[in-house]
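The structure appears below as structure tokens.
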Amino acid sequence: MQSVFQQHPEVAERFPDLHPPLTAQSAVIEANRCLYCFDAPCTGACPTHIDVPRFIKKIANENLRGSALTILDANILGASCSHVCPVQVLCEGACVMHHHHEPPIKIALLQRHAMDAFYASGAVLPKTSAERRNGKIACIGAGPASLACAAELRQRGYDVTVFDRHRLPGGLNTYGVAEYKLPTADSLREIELVGSLGVDFQFGTEIAGEAAFANLEKEYDAIFLGVGLGAMHRLRIPGEDHPAVIDALAFIAGYKTAGRLAVGRRVVVVGAGNTAIDAANAAKRLGAEEVQILYRRVETHMPAFGFEYEHAKQEGVRFLWQTQPIAIHADTDGELRSIECLRVELAQDGTPRSIAGSNFHIECDMVVPAIGQSPLFDLLTECYGVRVEHGRVVVDRVTGQTSNPKYFAGGDCVNGGREVVDAVADGKRAAVGIAKVLESAHA
Ligand SMILES: Cc1cc2nc3c(=O)[nH]c(=O)nc-3n(C[C@H](O)[C@H](O)[C@H](O)COP(=O)(O)OP(=O)(O)OC[C@H]3O[C@@H](n4cnc5c(N)ncnc54)[C@H](O)[C@@H]3O)c2cc1C
């Protein structure tokens, strides 16, 4: 897969690693700071429940392969999670060192240290001892949820085929996550690992239409929906069809995977979630002189993590609060000229209300909407009998099974859009659920 992917040479230059790796020596020193808590809160805080003290102990003993296998046992995407997880609010946020007023153990960097060593030494997983089982499973989507589901099922001896409409697998790990956190090549490398288990991949294959689902239902014993979310919400304001209005997902995927590095001089990003921050930082790194994030509420309401907000400020991104865009204007030559906005006041209950007559213009030559992704309604209604509520597939939280017993689901299409590690946890949980159903069917 990596061989079919050619990164634009400037991308690595402009998006260097945000957190450079530990050296061998510093990894051992850091590992020896760990208290190896018996009831490790870090493990409890990880949605995939990686045995953190165990893998860190192995690093302290310089058993890096053992450490990596401990991580992979819980989380097949242990490498990408070590790059992308918001550890401040997960494992590292739960570290007992906080109670001692000490910095938390650098769990993510240690995890990455073990995973880097694993990949550097050829990324060979132990041969699975599972006997071959009767049962074929189709996973729709090759994002983190499906990859985790497929890996777990293969390791249990089932035949698995993963379909993805994109040319490259990995879902948002490949197309969405900021390059300075996870380079596309590293995401693809991880999918090769899943492939090495014997998972069959069919890329560039969109599953769409009732007939396609009916065929899958005939051919496979179970179907896992790991389809993520759909396109970004539109701003629904005049002028947004201008070619210099590029939604955050298209903009990020463009620089990461399609060599589209062009950016405006003055960029306005609309929305203040993590995706907006990633897009704004990318615009800065690609050479925009001025990047502003507009948000209709106040700083304390922004959905982005606090550490992402701080990072964006360091990158030079400016924030404009209580601002509601109402139109995008081009000049007589057709060039994008400005975004027109209204000021916003917050009612006592926090509801934003735009102030009539408060119009003002922000000069810009590129607008990036980043106000969330919509659910894949059309696709989900094609899966006969699968209940969808508020745009989310409804599943049994223990097994991942939907209201149609043949379908299981996990990841963003179930949780509405969270983190990679949540998708991995869901995918693995569903795999266990699928295996149970198939075992009892063939008993
Ligand atoms: C810009 C951005 C940055 C992010 N950064 C982070 C981060 O730093 N850290 C973090 O933990 N999380 C991050 N996330 C969230 C994280 O990427 C997602 O939670 C995670 O990727 C969800 O995994 P998934 O498998 O459910 O869906 P996805 O990753 O979206 O994968 C779904 C896959 O299904 C495929 N698909 C959909 N429909 C079909 C069909 N009909 N037929 C075939 N294939 C189909 C799609 O092509 C896609 O490859 C970010 C999200 C975004 C948008």
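Labels used: A, B, ... for chains in the order of the structure tokens, numbers from 1 for residues in each chain, and numbers from 1 for ligands as shown.
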Show me a table, sorted first by chain and then by increasing residue number, of the residues of chain A having an atom at most 7 Å from ligand 1, each with its shortest atom pair and the distance in Å to one decimal, counting only C-alpha atoms and all ligand atoms and written as a tab-separated table.
```
residue	atom	partner	partner_atom_place_in_ligand_line	distance
A:Cys81	CA	ligand 1	11 (O)	6.8
A:Val84	CA	ligand 1	9 (N)	4.1
A:Cys85	CA	ligand 1	11 (O)	4.4
A:Pro86	CA	ligand 1	9 (N)	6.2
A:Ile140	CA	ligand 1	43 (C)	5.3
A:Gly141	CA	ligand 1	34 (O)	3.1
A:Ala142	CA	ligand 1	49 (O)	4.8
A:Gly143	CA	ligand 1	31 (O)	3.4
A:Pro144	CA	ligand 1	25 (O)	4.0
A:Ala145	CA	ligand 1	25 (O)	3.8
A:Ser146	CA	ligand 1	25 (O)	5.7
A:Phe163	CA	ligand 1	43 (C)	5.3
A:Asp164	CA	ligand 1	44 (N)	3.5
A:Arg165	CA	ligand 1	43 (C)	4.1
A:His166	CA	ligand 1	47 (O)	5.1
A:Pro169	CA	ligand 1	49 (O)	5.9
A:Gly170	CA	ligand 1	49 (O)	5.8
A:Gly171	CA	ligand 1	49 (O)	3.2
A:Leu172	CA	ligand 1	29 (O)	3.9
A:Asn173	CA	ligand 1	17 (O)	5.4
A:Gly176	CA	ligand 1	1 (C)	4.2
A:Val177	CA	ligand 1	3 (C)	4.0
A:Ala178	CA	ligand 1	3 (C)	6.2
A:Lys181	CA	ligand 1	8 (O)	6.8
A:Thr205	CA	ligand 1	43 (C)	5.8
A:Glu206	CA	ligand 1	42 (N)	3.6
A:Ile207	CA	ligand 1	42 (N)	3.9
A:Ala208	CA	ligand 1	41 (N)	5.2
A:Gly226	CA	ligand 1	25 (O)	5.0
A:Val227	CA	ligand 1	34 (O)	3.6
A:Gly228	CA	ligand 1	27 (O)	3.5
A:Leu229	CA	ligand 1	30 (O)	5.7
A:Ala248	CA	ligand 1	1 (C)	6.9
A:Leu249	CA	ligand 1	1 (C)	5.8
A:Ile252	CA	ligand 1	1 (C)	6.8
A:Asn274	CA	ligand 1	3 (C)	6.6
A:Thr275	CA	ligand 1	1 (C)	4.3
A:Asp278	CA	ligand 1	1 (C)	6.3
A:Leu379	CA	ligand 1	41 (N)	6.3
A:Gly410	CA	ligand 1	26 (O)	6.3
A:Gly411	CA	ligand 1	26 (O)	3.3
A:Asp412	CA	ligand 1	26 (O)	3.9
A:Cys413	CA	ligand 1	26 (O)	5.9
A:Gly417	CA	ligand 1	19 (O)	5.2
A:Arg418	CA	ligand 1	19 (O)	4.4
A:Glu419	CA	ligand 1	11 (O)	3.6
A:Val420	CA	ligand 1	11 (O)	3.9
A:Val421	CA	ligand 1	11 (O)	5.8
A:Asp422	CA	ligand 1	19 (O)	6.9
A:Ala423	CA	ligand 1	23 (O)	5.0
```
Please report, as JSON lines, each residue of segment 340-408 of chain A lying at most 12 Å from segment 280-295 of chain A, together with the nearest pair of atoms and the separation in Å rounded to one decimal; use only C-alpha atoms, and order rows by chain and ascending residue number.
```
{"residue": "A:Glu340", "atom": "CA", "partner": "A:Leu294", "partner_atom": "CA", "distance": 11.4}
{"residue": "A:Cys341", "atom": "CA", "partner": "A:Leu294", "partner_atom": "CA", "distance": 9.4}
{"residue": "A:Leu342", "atom": "CA", "partner": "A:Leu294", "partner_atom": "CA", "distance": 11.0}
{"residue": "A:Arg343", "atom": "CA", "partner": "A:Tyr295", "partner_atom": "CA", "distance": 10.3}
{"residue": "A:Val344", "atom": "CA", "partner": "A:Tyr295", "partner_atom": "CA", "distance": 9.5}
{"residue": "A:Glu345", "atom": "CA", "partner": "A:Tyr295", "partner_atom": "CA", "distance": 11.9}
{"residue": "A:Pro352", "atom": "CA", "partner": "A:Tyr295", "partner_atom": "CA", "distance": 10.4}
{"residue": "A:Ser354", "atom": "CA", "partner": "A:Tyr295", "partner_atom": "CA", "distance": 11.9}
{"residue": "A:Ile362", "atom": "CA", "partner": "A:Gln292", "partner_atom": "CA", "distance": 9.5}
{"residue": "A:Glu363", "atom": "CA", "partner": "A:Glu290", "partner_atom": "CA", "distance": 10.3}
{"residue": "A:Cys364", "atom": "CA", "partner": "A:Glu290", "partner_atom": "CA", "distance": 8.8}
{"residue": "A:Asp365", "atom": "CA", "partner": "A:Ala288", "partner_atom": "CA", "distance": 10.1}
{"residue": "A:Met366", "atom": "CA", "partner": "A:Val291", "partner_atom": "CA", "distance": 9.6}
{"residue": "A:Val367", "atom": "CA", "partner": "A:Gln292", "partner_atom": "CA", "distance": 9.7}
{"residue": "A:Val368", "atom": "CA", "partner": "A:Ala280", "partner_atom": "CA", "distance": 8.4}
{"residue": "A:Pro369", "atom": "CA", "partner": "A:Leu294", "partner_atom": "CA", "distance": 9.7}
{"residue": "A:Ala370", "atom": "CA", "partner": "A:Ile293", "partner_atom": "CA", "distance": 9.7}
{"residue": "A:Ile371", "atom": "CA", "partner": "A:Tyr295", "partner_atom": "CA", "distance": 9.6}
```
Go ahead and save the picked residues with N, CA, C and O atoms, as a compact mmCIF listing (two decimals), in the first residue's frame.
```txt
# COMPACT_ATOMS: atom_id res chain seq x y z
N GLU A 340 -18.88 37.81 5.35
CA GLU A 340 -19.69 38.78 6.11
C GLU A 340 -20.24 38.08 7.35
O GLU A 340 -20.73 36.94 7.27
N CYS A 341 -20.18 38.78 8.48
CA CYS A 341 -20.59 38.14 9.74
C CYS A 341 -21.50 39.06 10.55
O CYS A 341 -21.54 40.27 10.31
N LEU A 342 -22.16 38.47 11.50
CA LEU A 342 -22.91 39.23 12.51
C LEU A 342 -22.28 38.94 13.86
O LEU A 342 -21.78 37.83 14.09
N ARG A 343 -22.34 39.91 14.72
CA ARG A 343 -21.91 39.66 16.10
C ARG A 343 -23.02 38.87 16.80
O ARG A 343 -24.19 38.97 16.42
N VAL A 344 -22.61 38.14 17.83
CA VAL A 344 -23.56 37.25 18.49
C VAL A 344 -23.56 37.56 19.99
O VAL A 344 -22.51 37.83 20.58
N GLU A 345 -24.76 37.54 20.57
CA GLU A 345 -24.81 37.64 22.04
C GLU A 345 -25.37 36.32 22.58
O GLU A 345 -26.08 35.62 21.86
N PRO A 352 -26.83 31.11 21.55
CA PRO A 352 -26.31 32.25 20.79
C PRO A 352 -27.38 32.92 19.95
O PRO A 352 -28.21 32.25 19.34
N SER A 354 -27.77 36.06 17.04
CA SER A 354 -27.04 37.09 16.28
C SER A 354 -27.73 38.44 16.43
O SER A 354 -28.95 38.51 16.55
N ILE A 362 -14.91 40.32 7.12
CA ILE A 362 -13.52 39.94 7.35
C ILE A 362 -12.92 39.65 5.98
O ILE A 362 -13.43 38.78 5.24
N GLU A 363 -11.88 40.36 5.63
CA GLU A 363 -11.27 40.12 4.32
C GLU A 363 -10.54 38.79 4.33
O GLU A 363 -9.83 38.47 5.29
N CYS A 364 -10.76 38.01 3.28
CA CYS A 364 -10.09 36.70 3.20
C CYS A 364 -10.15 36.22 1.75
O CYS A 364 -10.91 36.75 0.95
N ASP A 365 -9.31 35.24 1.44
CA ASP A 365 -9.36 34.68 0.08
C ASP A 365 -9.59 33.17 0.11
O ASP A 365 -9.52 32.52 -0.92
N MET A 366 -9.84 32.63 1.30
CA MET A 366 -10.19 31.22 1.40
C MET A 366 -11.04 31.02 2.66
O MET A 366 -10.72 31.60 3.71
N VAL A 367 -12.09 30.22 2.53
CA VAL A 367 -12.94 29.92 3.69
C VAL A 367 -13.00 28.41 3.85
O VAL A 367 -13.18 27.67 2.87
N VAL A 368 -12.80 27.95 5.09
CA VAL A 368 -12.80 26.52 5.37
C VAL A 368 -13.90 26.20 6.39
O VAL A 368 -13.71 26.41 7.59
N PRO A 369 -15.04 25.71 5.94
CA PRO A 369 -16.07 25.32 6.91
C PRO A 369 -15.63 24.06 7.66
O PRO A 369 -15.14 23.11 7.06
N ALA A 370 -15.82 24.08 8.98
CA ALA A 370 -15.44 22.91 9.80
C ALA A 370 -16.46 22.82 10.93
O ALA A 370 -16.13 22.98 12.10
N ILE A 371 -17.72 22.60 10.54
CA ILE A 371 -18.77 22.60 11.57
C ILE A 371 -19.38 21.21 11.75
O ILE A 371 -20.56 21.08 12.05
```
Checklist entry - Mind checking DSSP for segment 289-435 of chain A and telling me the strand (DSSP E) residues as a PyMOL selection string? => result chain A and resi 290-294+318-320+323-330+336-346+352-354+360-363+366-369+388-389+392-393+407-409
Checklist entry - In Å to one decimal, how far is atom CA of Gly78 of chain A from atom CA of Met115 of chain A? => result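 Calculated distance between atom CA of Met115 of chain A and atom CA of Gly78 of chain A is 7.1 Å.
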Checklist entry - Quick one: residues within 12 Å of Leu380 of chain A, only C-alpha atoms counted, chain neighbours fewer than 3 positions away excluded, as an MDAnalysis selection string? => result chainID A and resid 140 207:210 213 225:230 375:377 383:394 402 404 407 409 413:414
Could I get the residues of segment 92-141 of chain A with an atom no further than 10 Å from an atom of segment 183-193 of chain A, each paired with its nearest atom pair and that distance in Å to one decimal, using only C-alpha atoms, sorted by chain and residue number, as a Markdown table?
```
| residue | atom | partner | partner_atom | distance |
| --- | --- | --- | --- | --- |
| A:Tyr119 | CA | A:Arg189 | CA | 8.4 |
| A:Gly122 | CA | A:Leu193 | CA | 9.8 |
| A:Ala123 | CA | A:Leu193 | CA | 6.9 |
| A:Val124 | CA | A:Leu193 | CA | 7.9 |
| A:Leu125 | CA | A:Leu193 | CA | 8.1 |
```
Checklist entry - Could you name the residues that touch Leu22 of chain A at 7 Å or less, counting only C-alpha atoms, but leaving out those on the same chain fewer than 2 positions away, as a list of chain:residue names? => result A:Pro20, A:Ala24, A:Ser26, A:Ala27, A:Leu109, A:His113
Dump C-alpha atoms for the selected residues as a PDB file, in the first residue's frame?
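The resulting part.pdb:
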```pdb
ATOM      1  CA  PRO A  20       9.688  13.632  18.577  1.00  0.00           C
ATOM      2  CA  ALA A  24      16.508   4.319  23.830  1.00  0.00           C
ATOM      3  CA  SER A  26      15.352   8.209  27.789  1.00  0.00           C
ATOM      4  CA  ALA A  27      12.715   5.512  27.224  1.00  0.00           C
ATOM      5  CA  LEU A 109       5.806   8.254  23.869  1.00  0.00           C
ATOM      6  CA  HIS A 113       8.879   3.688  21.385  1.00  0.00           C
TER       7      HIS A 113
END
```
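Among the candidate residues A:Leu90, A:Met302, A:Ala231, A:Ile71, the one lying nearest to Val270 of chain A is A:Met302, with distances computed using only C-alpha atoms.
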Checklist entry - In Å, with one decimal, what is the gap from atom CA of Pro243 of chain A to atom CA of Ile355 of chain A? => result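 These atoms are spaced 29.1 Å apart.
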Determine, counting only C-alpha atoms, which protein, DNA and RNA residues have an atom within 8 Å of an atom of Tyr36 of chain A; residues of the same chain fewer than 5 positions away are not included. Present the result as a compact mmCIF listing (two decimals) with all heavy atoms, in the first residue's frame.
```txt
# COMPACT_ATOMS: atom_id res chain seq x y z
N PRO A 53 0.99 -0.71 32.67
CA PRO A 53 2.16 -1.03 33.51
C PRO A 53 2.97 -2.20 32.93
O PRO A 53 4.20 -2.19 32.98
CB PRO A 53 1.53 -1.43 34.86
CG PRO A 53 0.19 -0.79 34.85
CD PRO A 53 -0.26 -0.75 33.43
N ARG A 54 2.27 -3.15 32.34
CA ARG A 54 2.96 -4.34 31.80
C ARG A 54 3.84 -3.97 30.61
O ARG A 54 5.00 -4.38 30.53
CB ARG A 54 1.89 -5.35 31.38
CG ARG A 54 2.39 -6.73 31.10
CD ARG A 54 1.15 -7.61 30.83
NE ARG A 54 1.49 -8.79 30.09
CZ ARG A 54 1.86 -9.93 30.65
NH1 ARG A 54 1.93 -10.02 31.95
NH2 ARG A 54 2.16 -10.96 29.90
N LYS A 57 6.78 -1.92 31.89
CA LYS A 57 7.78 -2.75 32.61
C LYS A 57 8.71 -3.44 31.61
O LYS A 57 9.92 -3.56 31.80
CB LYS A 57 7.03 -3.80 33.46
CG LYS A 57 7.90 -4.65 34.32
CD LYS A 57 8.20 -3.92 35.61
CE LYS A 57 9.40 -4.50 36.31
NZ LYS A 57 9.90 -3.64 37.38
```
Checklist entry - Looking only at the backbone, which of the residues in segment 92-198 of chain A does DSSP tag as helix (DSSP H, G or I), as JSON, numbers by chain? => result {"A": [92, 93, 94, 96, 97, 98, 99, 100, 107, 108, 109, 110, 111, 112, 113, 114, 115, 116, 117, 118, 119, 120, 144, 145, 146, 147, 148, 149, 150, 151, 152, 153, 154, 155, 172, 173, 174, 175, 184, 185, 186, 187, 188, 189, 190, 191, 192, 193, 194, 195, 196]}
Next on the checklist: I'd like to know which of A:Phe15, A:Phe38, A:Leu235, A:Ile223 is closest to Gln373 of chain A, using only C-alpha atoms.
Outcome noted: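 Checking each candidate against Gln373 of chain A, we get A:Leu235 as the closest.
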Item to check | Contact residues around Lys428 of chain A with only C-alpha atoms at 9 Å, ignoring same-chain residues under 5 positions, as JSON, numbers by chain | outcome: {"A": [48, 74, 75, 145, 146, 147, 148, 149, 150, 151, 152, 153, 410, 423, 433]}
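Closest to Ala279 of chain A among A:Val96, A:Gly239, A:Glu179, A:Ser67 is A:Glu179, based on only C-alpha atoms.
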Item to check | For Ile434 of chain A, the nearest of the candidates A:Arg154, A:His100, A:His301, A:Arg33, counting only C-alpha atoms | outcome: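 Of the candidates, the smallest distance to Ile434 of chain A is held by A:Arg154.
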